[in-house]
$ cat work.pdb   # PDB, C-alpha atoms and all ligand atoms
MODEL        1
ATOM      1  CA  MET A 865     168.874 118.269 130.358
ATOM      2  CA  THR A 866     165.642 116.330 129.785
ATOM      3  CA  SER A 867     162.575 117.698 131.546
ATOM      4  CA  ILE A 868     160.510 115.441 133.782
ATOM      5  CA  PRO A 869     156.929 115.073 132.496
ATOM      6  CA  SER A 870     154.441 116.224 135.101
ATOM      7  CA  ILE A 871     152.190 113.192 134.640
ATOM      8  CA  ALA A 872     153.859 110.185 136.277
ATOM      9  CA  VAL A 873     150.973 107.712 136.029
ATOM     10  CA  GLN A 874     148.379 107.919 133.275
ATOM     11  CA  CYS A 875     145.538 105.414 133.006
ATOM     12  CA  GLN A 876     143.126 105.828 130.115
ATOM     13  CA  SER A 877     139.894 103.857 129.744
ATOM     14  CA  VAL A 878     141.353 100.976 131.740
ATOM     15  CA  ARG A 879     139.145  97.896 131.931
ATOM     16  CA  ARG A 880     139.709  94.680 133.791
ATOM     17  CA  SER A 881     137.439  91.704 134.223
ATOM     18  CA  PHE A 882     137.902  88.391 135.983
ATOM     19  CA  GLY A 883     136.408  85.024 135.049
ATOM     20  CA  SER A 884     134.434  84.160 131.929
ATOM     21  CA  GLY A 885     130.911  83.400 130.781
ATOM     22  CA  ASP A 886     128.272  83.788 133.494
ATOM     23  CA  ALA A 887     131.009  84.094 136.135
ATOM     24  CA  ARG A 888     132.621  87.105 134.413
ATOM     25  CA  VAL A 889     132.923  90.149 136.681
ATOM     26  CA  GLU A 890     133.878  93.511 135.246
ATOM     27  CA  VAL A 891     135.853  95.118 138.061
ATOM     28  CA  LEU A 892     137.306  98.142 136.220
ATOM     29  CA  ARG A 893     134.881  99.654 133.724
ATOM     30  CA  GLY A 894     136.890 102.402 132.014
ATOM     31  CA  VAL A 895     139.144 104.069 134.563
ATOM     32  CA  ASP A 896     140.800 107.396 133.789
ATOM     33  CA  PHE A 897     143.336 108.192 136.488
ATOM     34  CA  ASP A 898     146.405 110.435 136.652
ATOM     35  CA  ALA A 899     149.054 110.891 139.324
ATOM     36  CA  LEU A 900     151.470 113.794 139.018
ATOM     37  CA  HIS A 901     155.115 114.166 139.982
ATOM     38  CA  GLY A 902     155.603 116.049 143.220
ATOM     39  CA  GLU A 903     152.155 115.100 144.500
ATOM     40  CA  MET A 904     150.515 112.634 146.829
ATOM     41  CA  THR A 905     147.403 111.273 145.090
ATOM     42  CA  PHE A 906     144.870 109.385 147.186
ATOM     43  CA  LEU A 907     142.612 106.738 145.694
ATOM     44  CA  VAL A 908     139.537 106.286 147.852
ATOM     45  CA  GLY A 909     136.240 104.443 147.578
ATOM     46  CA  PRO A 910     134.102 101.711 149.093
ATOM     47  CA  SER A 911     135.361  98.186 149.633
ATOM     48  CA  GLY A 912     135.271  96.154 146.425
ATOM     49  CA  CYS A 913     135.156  99.171 144.051
ATOM     50  CA  GLY A 914     138.423  98.130 142.366
ATOM     51  CA  LYS A 915     141.197 100.130 144.075
ATOM     52  CA  THR A 916     143.577  97.202 144.627
ATOM     53  CA  THR A 917     142.936  95.956 141.095
ATOM     54  CA  LEU A 918     143.837  99.404 139.723
ATOM     55  CA  ILE A 919     147.073  99.788 141.695
ATOM     56  CA  SER A 920     148.063  96.222 140.783
ATOM     57  CA  ILE A 921     147.665  97.191 137.129
ATOM     58  CA  ILE A 922     149.648 100.405 137.637
ATOM     59  CA  ALA A 923     152.393  98.366 139.307
ATOM     60  CA  GLY A 924     152.426  95.888 136.426
ATOM     61  CA  LEU A 925     151.303  92.999 138.661
ATOM     62  CA  LEU A 926     148.086  92.519 136.661
ATOM     63  CA  ASP A 927     147.311  93.028 132.979
ATOM     64  CA  THR A 928     144.509  95.206 131.685
ATOM     65  CA  SER A 929     141.642  93.719 129.656
ATOM     66  CA  ALA A 930     141.572  97.000 127.675
ATOM     67  CA  GLY A 931     142.880 100.547 127.923
ATOM     68  CA  GLU A 932     146.286 102.162 128.319
ATOM     69  CA  VAL A 933     148.644 102.551 131.257
ATOM     70  CA  ALA A 934     151.732 104.731 130.917
ATOM     71  CA  LEU A 935     154.334 105.346 133.606
ATOM     72  CA  PHE A 936     156.606 108.378 133.130
ATOM     73  CA  GLY A 937     155.384 108.555 129.545
ATOM     74  CA  LYS A 938     156.246 104.912 128.791
ATOM     75  CA  SER A 939     153.551 102.354 127.982
ATOM     76  CA  LEU A 940     153.691  99.212 130.106
ATOM     77  CA  ALA A 941     152.082  97.177 127.318
ATOM     78  CA  GLY A 942     155.039  97.851 125.019
ATOM     79  CA  MET A 943     157.526  96.166 127.373
ATOM     80  CA  SER A 944     158.617  92.549 127.466
ATOM     81  CA  PRO A 945     157.833  90.676 130.722
ATOM     82  CA  ARG A 946     161.514  90.846 131.707
ATOM     83  CA  ASP A 947     161.719  94.590 131.043
ATOM     84  CA  GLN A 948     158.529  95.052 133.069
ATOM     85  CA  ILE A 949     160.138  93.290 136.033
ATOM     86  CA  LEU A 950     163.316  95.374 135.790
ATOM     87  CA  PHE A 951     161.311  98.575 135.333
ATOM     88  CA  ARG A 952     159.133  97.812 138.338
ATOM     89  CA  ARG A 953     162.097  96.862 140.492
ATOM     90  CA  SER A 954     163.976 100.081 139.830
ATOM     91  CA  HIS A 955     161.134 102.604 139.544
ATOM     92  CA  ILE A 956     158.454 101.506 142.019
ATOM     93  CA  GLY A 957     158.449 101.297 145.811
ATOM     94  CA  PHE A 958     155.601  99.633 147.714
ATOM     95  CA  VAL A 959     154.215 100.159 151.203
ATOM     96  CA  PHE A 960     151.600  97.661 152.414
ATOM     97  CA  GLN A 961     149.073  97.691 155.226
ATOM     98  CA  GLN A 962     150.737  94.737 156.984
ATOM     99  CA  TYR A 963     154.326  96.017 156.430
ATOM    100  CA  ASN A 964     155.432  92.637 154.946
ATOM    101  CA  LEU A 965     158.824  92.682 156.661
ATOM    102  CA  LEU A 966     160.921  89.515 156.659
ATOM    103  CA  PRO A 967     160.944  88.337 160.305
ATOM    104  CA  SER A 968     164.493  86.975 160.396
ATOM    105  CA  LEU A 969     166.123  90.080 158.911
ATOM    106  CA  THR A 970     167.002  93.191 160.913
ATOM    107  CA  ALA A 971     165.328  96.527 160.184
ATOM    108  CA  ALA A 972     168.344  97.633 158.113
ATOM    109  CA  GLU A 973     168.465  94.341 156.172
ATOM    110  CA  ASN A 974     164.739  94.571 155.457
ATOM    111  CA  ALA A 975     165.132  98.141 154.233
ATOM    112  CA  ALA A 976     168.095  97.035 152.079
ATOM    113  CA  VAL A 977     166.112  94.397 150.133
ATOM    114  CA  PRO A 978     165.528  96.477 146.936
ATOM    115  CA  LEU A 979     169.251  97.326 146.780
ATOM    116  CA  LEU A 980     170.275  93.679 147.307
ATOM    117  CA  ALA A 981     167.785  92.670 144.588
ATOM    118  CA  ALA A 982     169.431  95.222 142.292
ATOM    119  CA  GLY A 983     172.799  93.532 142.884
ATOM    120  CA  LEU A 984     174.445  95.966 145.329
ATOM    121  CA  LYS A 985     177.048  94.527 147.716
ATOM    122  CA  ARG A 986     175.550  93.665 151.103
ATOM    123  CA  ARG A 987     177.697  96.077 153.120
ATOM    124  CA  GLU A 988     176.862  99.054 150.905
ATOM    125  CA  ALA A 989     173.170  98.110 150.697
ATOM    126  CA  VAL A 990     172.862  97.885 154.492
ATOM    127  CA  ALA A 991     174.769 101.168 154.954
ATOM    128  CA  ARG A 992     172.406 102.976 152.575
ATOM    129  CA  ALA A 993     169.382 101.379 154.240
ATOM    130  CA  THR A 994     170.681 102.460 157.667
ATOM    131  CA  ALA A 995     171.057 106.036 156.389
ATOM    132  CA  MET A 996     167.435 105.921 155.189
ATOM    133  CA  LEU A 997     166.281 104.608 158.588
ATOM    134  CA  GLU A 998     168.133 107.523 160.201
ATOM    135  CA  ARG A 999     166.355 109.938 157.883
ATOM    136  CA  LEU A1000     163.042 108.421 158.968
ATOM    137  CA  GLY A1001     163.924 108.794 162.659
ATOM    138  CA  ILE A1002     164.608 105.151 163.552
ATOM    139  CA  GLY A1003     168.341 104.819 162.907
ATOM    140  CA  ASP A1004     168.720 103.559 166.484
ATOM    141  CA  ARG A1005     166.557 100.505 165.630
ATOM    142  CA  ALA A1006     168.614  99.476 162.561
ATOM    143  CA  SER A1007     169.753  96.176 164.071
ATOM    144  CA  ALA A1008     166.406  95.266 165.679
ATOM    145  CA  LEU A1009     164.263  92.420 164.360
ATOM    146  CA  PRO A1010     160.724  93.373 163.256
ATOM    147  CA  ARG A1011     159.060  91.513 166.142
ATOM    148  CA  VAL A1012     160.482  93.899 168.740
ATOM    149  CA  LEU A1013     159.346  97.010 166.858
ATOM    150  CA  SER A1014     156.008  98.785 167.309
ATOM    151  CA  GLY A1015     153.562  98.899 164.380
ATOM    152  CA  GLY A1016     154.535 102.499 163.633
ATOM    153  CA  GLN A1017     158.243 101.600 163.664
ATOM    154  CA  GLN A1018     157.656  98.601 161.386
ATOM    155  CA  GLN A1019     155.803 100.830 158.952
ATOM    156  CA  ARG A1020     158.776 103.241 158.979
ATOM    157  CA  VAL A1021     161.072 100.340 158.072
ATOM    158  CA  ALA A1022     158.644  99.461 155.269
ATOM    159  CA  LEU A1023     158.761 103.098 154.173
ATOM    160  CA  ALA A1024     162.574 103.003 154.201
ATOM    161  CA  ARG A1025     162.448  99.856 152.031
ATOM    162  CA  ALA A1026     160.099 101.625 149.600
ATOM    163  CA  LEU A1027     162.361 104.700 149.353
ATOM    164  CA  VAL A1028     165.874 103.255 149.576
ATOM    165  CA  HIS A1029     166.337 102.709 145.830
ATOM    166  CA  GLU A1030     164.940 106.192 145.090
ATOM    167  CA  PRO A1031     162.049 105.032 142.908
ATOM    168  CA  ARG A1032     159.983 107.467 140.847
ATOM    169  CA  LEU A1033     156.676 106.038 142.019
ATOM    170  CA  ILE A1034     155.633 104.987 145.520
ATOM    171  CA  ILE A1035     152.442 102.948 145.849
ATOM    172  CA  CYS A1036     150.958 102.618 149.315
ATOM    173  CA  ASP A1037     148.067 100.214 149.958
ATOM    174  CA  GLU A1038     146.250 101.193 153.172
ATOM    175  CA  PRO A1039     149.495 102.283 154.894
ATOM    176  CA  THR A1040     147.807 103.419 158.113
ATOM    177  CA  ALA A1041     145.062 100.790 158.422
ATOM    178  CA  ALA A1042     146.907  98.724 161.034
ATOM    179  CA  LEU A1043     148.018 101.748 163.072
ATOM    180  CA  ASP A1044     146.412 103.812 165.831
ATOM    181  CA  HIS A1045     145.645 107.424 164.964
ATOM    182  CA  LYS A1046     148.863 108.912 166.367
ATOM    183  CA  SER A1047     151.179 106.388 164.647
ATOM    184  CA  GLY A1048     149.164 106.649 161.417
ATOM    185  CA  GLU A1049     149.481 110.423 161.466
ATOM    186  CA  SER A1050     153.252 110.282 162.004
ATOM    187  CA  VAL A1051     153.739 107.692 159.220
ATOM    188  CA  MET A1052     151.739 109.943 156.861
ATOM    189  CA  GLU A1053     153.794 112.971 157.935
ATOM    190  CA  LEU A1054     156.954 111.063 157.083
ATOM    191  CA  LEU A1055     155.494 109.948 153.771
ATOM    192  CA  ALA A1056     154.597 113.557 152.957
ATOM    193  CA  THR A1057     158.057 114.894 153.852
ATOM    194  CA  ALA A1058     160.368 112.029 152.813
ATOM    195  CA  ALA A1059     158.552 110.499 149.834
ATOM    196  CA  VAL A1060     157.101 113.507 148.053
ATOM    197  CA  HIS A1061     159.715 114.865 145.672
ATOM    198  CA  PRO A1062     159.462 116.870 142.420
ATOM    199  CA  GLU A1063     160.542 113.834 140.392
ATOM    200  CA  ARG A1064     158.394 111.296 142.192
ATOM    201  CA  ALA A1065     154.682 110.508 142.429
ATOM    202  CA  VAL A1066     153.055 108.937 145.473
ATOM    203  CA  VAL A1067     149.763 107.023 145.164
ATOM    204  CA  VAL A1068     147.994 106.091 148.391
ATOM    205  CA  VAL A1069     144.969 103.792 148.618
ATOM    206  CA  THR A1070     143.168 104.453 151.866
ATOM    207  CA  HIS A1071     139.881 104.206 153.717
ATOM    208  CA  ASP A1072     141.276 106.311 156.521
ATOM    209  CA  ASN A1073     139.560 109.688 156.236
ATOM    210  CA  ARG A1074     141.584 110.922 159.234
ATOM    211  CA  VAL A1075     144.586 111.239 156.896
ATOM    212  CA  PHE A1076     142.837 112.783 153.865
ATOM    213  CA  HIS A1077     144.328 116.197 154.689
ATOM    214  CA  PHE A1078     147.742 114.896 153.534
ATOM    215  CA  ALA A1079     146.519 114.460 149.931
ATOM    216  CA  SER A1080     147.420 116.803 147.070
ATOM    217  CA  ARG A1081     144.478 115.336 145.146
ATOM    218  CA  ILE A1082     141.866 112.706 145.892
ATOM    219  CA  SER A1083     140.418 110.472 143.184
ATOM    220  CA  HIS A1084     137.126 108.959 144.252
ATOM    221  CA  MET A1085     136.357 105.528 142.873
ATOM    222  CA  ASN A1086     133.025 103.756 142.816
ATOM    223  CA  ASP A1087     131.920 100.575 141.092
ATOM    224  CA  GLY A1088     134.914 100.339 138.763
ATOM    225  CA  ILE A1089     135.257 103.962 137.631
ATOM    226  CA  ILE A1090     136.753 107.212 138.950
ATOM    227  CA  THR A1091     133.705 109.350 139.636
ATOM    228  CA  HIS A1092     135.510 112.595 140.455
ATOM    229  CA  THR A1093     138.843 114.031 141.549
ATOM    230  CA  THR A1094     139.298 116.848 144.027
ATOM    231  CA  THR A1095     142.491 118.892 144.503
ATOM    232  CA  HIS A1096     143.692 120.140 147.873
TER     233      HIS A1096
HETATM  234  N1  LIG B   1     141.486  87.504 140.946
HETATM  235  C1  LIG B   1     140.194  87.812 141.069
HETATM  236  N2  LIG B   1     139.221  86.987 140.622
HETATM  237  C2  LIG B   1     137.922  87.317 140.737
HETATM  238  N3  LIG B   1     137.460  88.458 141.291
HETATM  239  C3  LIG B   1     138.378  89.321 141.753
HETATM  240  C4  LIG B   1     139.778  89.053 141.664
HETATM  241  N4  LIG B   1     140.459  90.107 142.210
HETATM  242  C5  LIG B   1     139.498  90.987 142.626
HETATM  243  N5  LIG B   1     138.266  90.506 142.342
HETATM  244  C6  LIG B   1     136.994  91.183 142.643
HETATM  245  O1  LIG B   1     137.085  92.499 142.170
HETATM  246  C7  LIG B   1     136.361  93.388 143.023
HETATM  247  C8  LIG B   1     137.236  94.547 143.377
HETATM  248  O2  LIG B   1     138.293  94.096 144.217
HETATM  249  P1  LIG B   1     139.458  95.071 144.734
HETATM  250  O3  LIG B   1     140.276  94.263 145.687
HETATM  251  O4  LIG B   1     140.146  95.702 143.586
HETATM  252  O5  LIG B   1     138.582  96.168 145.523
HETATM  253  P2  LIG B   1     139.061  97.252 146.593
HETATM  254  O6  LIG B   1     138.372  98.521 146.222
HETATM  255  O7  LIG B   1     140.545  97.280 146.667
HETATM  256  O8  LIG B   1     138.457  96.681 147.933
HETATM  257  P3  LIG B   1     139.027  96.793 149.445
HETATM  258  O9  LIG B   1     138.918  98.251 149.800
HETATM  259  O10 LIG B   1     138.082  95.946 150.222
HETATM  260  O11 LIG B   1     140.430  96.279 149.433
HETATM  261  C9  LIG B   1     135.894  92.578 144.210
HETATM  262  O12 LIG B   1     134.529  92.256 144.012
HETATM  263  C10 LIG B   1     136.762  91.343 144.137
HETATM  264  O13 LIG B   1     136.060  90.218 144.635
ENDMDL
END
$ encode --input "work.pdb" --output "structure tokens"
Amino acid sequence: MTSIPSIAVQCQSVRRSFGSGDARVEVLRGVDFDALHGEMTFLVGPSGCGKTTLISIIAGLLDTSAGEVALFGKSLAGMSPRDQILFRRSHIGFVFQQYNLLPSLTAAENAAVPLLAAGLKRREAVARATAMLERLGIGDRASALPRVLSGGQQQRVALARALVHEPRLIICDEPTAALDHKSGESVMELLATAAVHPERAVVVVTHDNRVFHFASRISHMNDGIITHTTTH
């Protein structure tokens, strides 16, 4: 049996700039960042410090200007664009601030999207998505359209969509920002119980210090670098 490496995400001296000449902005200035399996790692810092840029690089949505990014011990730079897409599709789940649900699909169909994209038959994909919704406490809303769901319920559907294909990395960008305190707390509780798994890492970008107590470790970012990391 192969052992799972404890470091799921490893960024070393990652740099990223945008623009050129006088308009060049160096957004990431040598980021060292790790996220471990079995943990929920928060990435926090002031607006504009580079958090979204960093998670986009980790997710393979943006290239680095310099530095190394490895996921589960595998360098992203060594992969062809097609392999990167396949890798991302099967190993990464995303949760966004604004849920990003498709309005004309039911909750179960929305949650089934990663399975449909992977080529699963519709009936099986929707059945698995419905089981995930049940696990997250909203099985009774499986055939509802997003517009009739509360913000907290929509975020649970988004969480189901992020988990349904059992990815090894979940990336959440401000998952509680659009929610009131009570709904935000219950979404984070679900994330902590349903998403955290010994073979999976969870990375959460947040400004919401009301949910910091859910973190296993917090990496503080400022002006394009990680200044310090605290463990909890
Ligand atoms: N494609 C781009 N072209 C030029 N500048 C960019 C681009 N993407 C991001 N930036 C700049 O990089 C800086 C960091 O942006 P980023 O979105 O990573 O910060 P953030 O920490 O996620 O901020 P927030 O918390 O407000 O979302 C900002 O000054 C932004 O304007």
$ resolve_selection --input "work.pdb" --expression "the PyMOL selection byres (((chain A and resi 982) around 9) and not hetatm)" --output "list in words"
Leu950, Arg953, Ser954, Val977, Pro978, Leu979, Leu980, Ala981, Gly983, Leu984 and His1029 of chain A
$ axis_aligned_box --input "work.pdb" --around "segment 887-899 of chain A" --padding-each-side "4 Å" --output "lines of an AutoDock Vina configuration file"
center_x = 140.0
center_y = 97.5
center_z = 135.7
size_x = 26.0
size_y = 34.8
size_z = 15.3
$ residues_near_ligand --input "work.pdb" --ligand "ligand LIG 1 (chain B)" --cutoff "7 Å" --atoms "all atoms listed in the file" --output "PDB file with C-alpha atoms, in the coordinates of the input"
ATOM      1  CA  PHE A 882     137.902  88.391 135.983  1.00  0.00           C
ATOM      2  CA  GLY A 883     136.408  85.024 135.049  1.00  0.00           C
ATOM      3  CA  VAL A 889     132.923  90.149 136.681  1.00  0.00           C
ATOM      4  CA  VAL A 891     135.853  95.118 138.061  1.00  0.00           C
ATOM      5  CA  GLY A 909     136.240 104.443 147.578  1.00  0.00           C
ATOM      6  CA  PRO A 910     134.102 101.711 149.093  1.00  0.00           C
ATOM      7  CA  SER A 911     135.361  98.186 149.633  1.00  0.00           C
ATOM      8  CA  GLY A 912     135.271  96.154 146.425  1.00  0.00           C
ATOM      9  CA  CYS A 913     135.156  99.171 144.051  1.00  0.00           C
ATOM     10  CA  GLY A 914     138.423  98.130 142.366  1.00  0.00           C
ATOM     11  CA  LYS A 915     141.197 100.130 144.075  1.00  0.00           C
ATOM     12  CA  THR A 916     143.577  97.202 144.627  1.00  0.00           C
ATOM     13  CA  THR A 917     142.936  95.956 141.095  1.00  0.00           C
ATOM     14  CA  LEU A 918     143.837  99.404 139.723  1.00  0.00           C
TER      15      LEU A 918
END
$ resolve_selection --input "work.pdb" --expression "the PyMOL selection byres (((chain A and resi 1079) around 9) and not hetatm)" --output "list in words"
Glu903, Met904, Thr905, Phe906, Ala1056, Val1068, Val1075, Phe1076, His1077, Phe1078, Ser1080, Arg1081, Ile1082, Thr1095 and His1096 of chain A
$ resolve_selection --input "work.pdb" --expression "the PyMOL selection byres (((chain A and resi 970) around 7) and not hetatm)" --output "compact mmCIF listing (two decimals) with C-alpha atoms, in the coordinates of the input"
# COMPACT_ATOMS: atom_id res chain seq x y z
CA SER A 968 164.49 86.98 160.40
CA LEU A 969 166.12 90.08 158.91
CA ALA A 971 165.33 96.53 160.18
CA ALA A 972 168.34 97.63 158.11
CA GLU A 973 168.46 94.34 156.17
CA ASN A 974 164.74 94.57 155.46
CA ALA A 1006 168.61 99.48 162.56
CA SER A 1007 169.75 96.18 164.07
CA ALA A 1008 166.41 95.27 165.68
CA LEU A 1009 164.26 92.42 164.36
CA PRO A 1010 160.72 93.37 163.26
$ closest_residue --input "work.pdb" --among "A:Ile949, A:Ala993, A:Leu1027, A:Val1012" --to "Arg1064 of chain A" --atoms "all atoms listed in the file"
A:Leu1027
$ atom_distance --input "work.pdb" --atom1 "atom CA of Asp927 of chain A" --atom2 "atom CA of Glu890 of chain A"
13.6 Å
$ closest_residue --input "work.pdb" --among "A:Ile919, A:Ala930, A:Gln1018, A:Gly902" --to "Arg880 of chain A" --atoms "only C-alpha atoms"
A:Ala930
$ atom_distance --input "work.pdb" --atom1 "atom CA of Leu925 of chain A" --atom2 "atom CA of Ala872 of chain A"
17.5 Å
$ closest_atom_pairs --input "work.pdb" --of "segment 977-1065 of chain A" --to "segment 936-940 of chain A" --cutoff "10 Å" --atoms "all atoms listed in the file" --output "tab-separated table"
residue	atom	partner	partner_atom	distance
A:Arg1032	CA	A:Phe936	CA	8.5
A:Leu1033	CA	A:Phe936	CA	9.2
A:Glu1063	CA	A:Phe936	CA	9.9
A:Arg1064	CA	A:Phe936	CA	9.7
A:Ala1065	CA	A:Phe936	CA	9.7
$ atom_distance --input "work.pdb" --atom1 "atom CA of Leu1054 of chain A" --atom2 "atom CA of Leu1000 of chain A"
6.9 Å
$ closest_atom_pairs --input "work.pdb" --of "segment 1003-1061 of chain A" --to "segment 959-965 of chain A" --cutoff "9 Å" --atoms "all atoms listed in the file" --output "tab-separated table"
residue	atom	partner	partner_atom	distance
A:Pro1010	CA	A:Leu965	CA	6.9
A:Gly1015	CA	A:Tyr963	CA	8.5
A:Gln1018	CA	A:Tyr963	CA	6.5
A:Gln1019	CA	A:Tyr963	CA	5.6
A:Arg1020	CA	A:Tyr963	CA	8.9
A:Val1021	CA	A:Leu965	CA	8.1
A:Ala1022	CA	A:Tyr963	CA	5.6
A:Leu1023	CA	A:Val959	CA	6.2
A:Arg1025	CA	A:Val959	CA	8.3
A:Ala1026	CA	A:Val959	CA	6.3
A:Ile1034	CA	A:Val959	CA	7.6
A:Ile1035	CA	A:Val959	CA	6.3
A:Cys1036	CA	A:Val959	CA	4.5
A:Asp1037	CA	A:Phe960	CA	5.0
A:Glu1038	CA	A:Gln961	CA	4.9
A:Pro1039	CA	A:Gln961	CA	4.6
A:Thr1040	CA	A:Gln961	CA	6.5
A:Ala1041	CA	A:Gln961	CA	6.0
A:Ala1042	CA	A:Gln961	CA	6.3
A:Leu1043	CA	A:Gln961	CA	8.9
$ closest_residue --input "work.pdb" --among "A:Glu998, A:Glu1053, A:Asp1044, A:Asp1004" --to "Asp1072 of chain A" --atoms "only C-alpha atoms"
A:Asp1044
$ closest_residue --input "work.pdb" --among "A:Gly942, A:Gly931, A:Gly1016, A:Pro1062" --to "Gly1048 of chain A" --atoms "all atoms listed in the file"
A:Gly1016
$ closest_residue --input "work.pdb" --among "A:Cys875, A:Ser1047, A:Ser870, A:Ile922" --to "His955 of chain A" --atoms "only C-alpha atoms"
A:Ile922
$ residues_around --input "work.pdb" --residues "Ser929 of chain A" --least-positions-apart "3" --cutoff "9 Å" --atoms "only C-alpha atoms" --output "PyMOL selection string"
chain A and resi 878-881
$ closest_residue --input "work.pdb" --among "A:Val933, A:Val1028, A:Val908, A:Thr1091" --to "Thr994 of chain A" --atoms "all atoms listed in the file"
A:Val1028
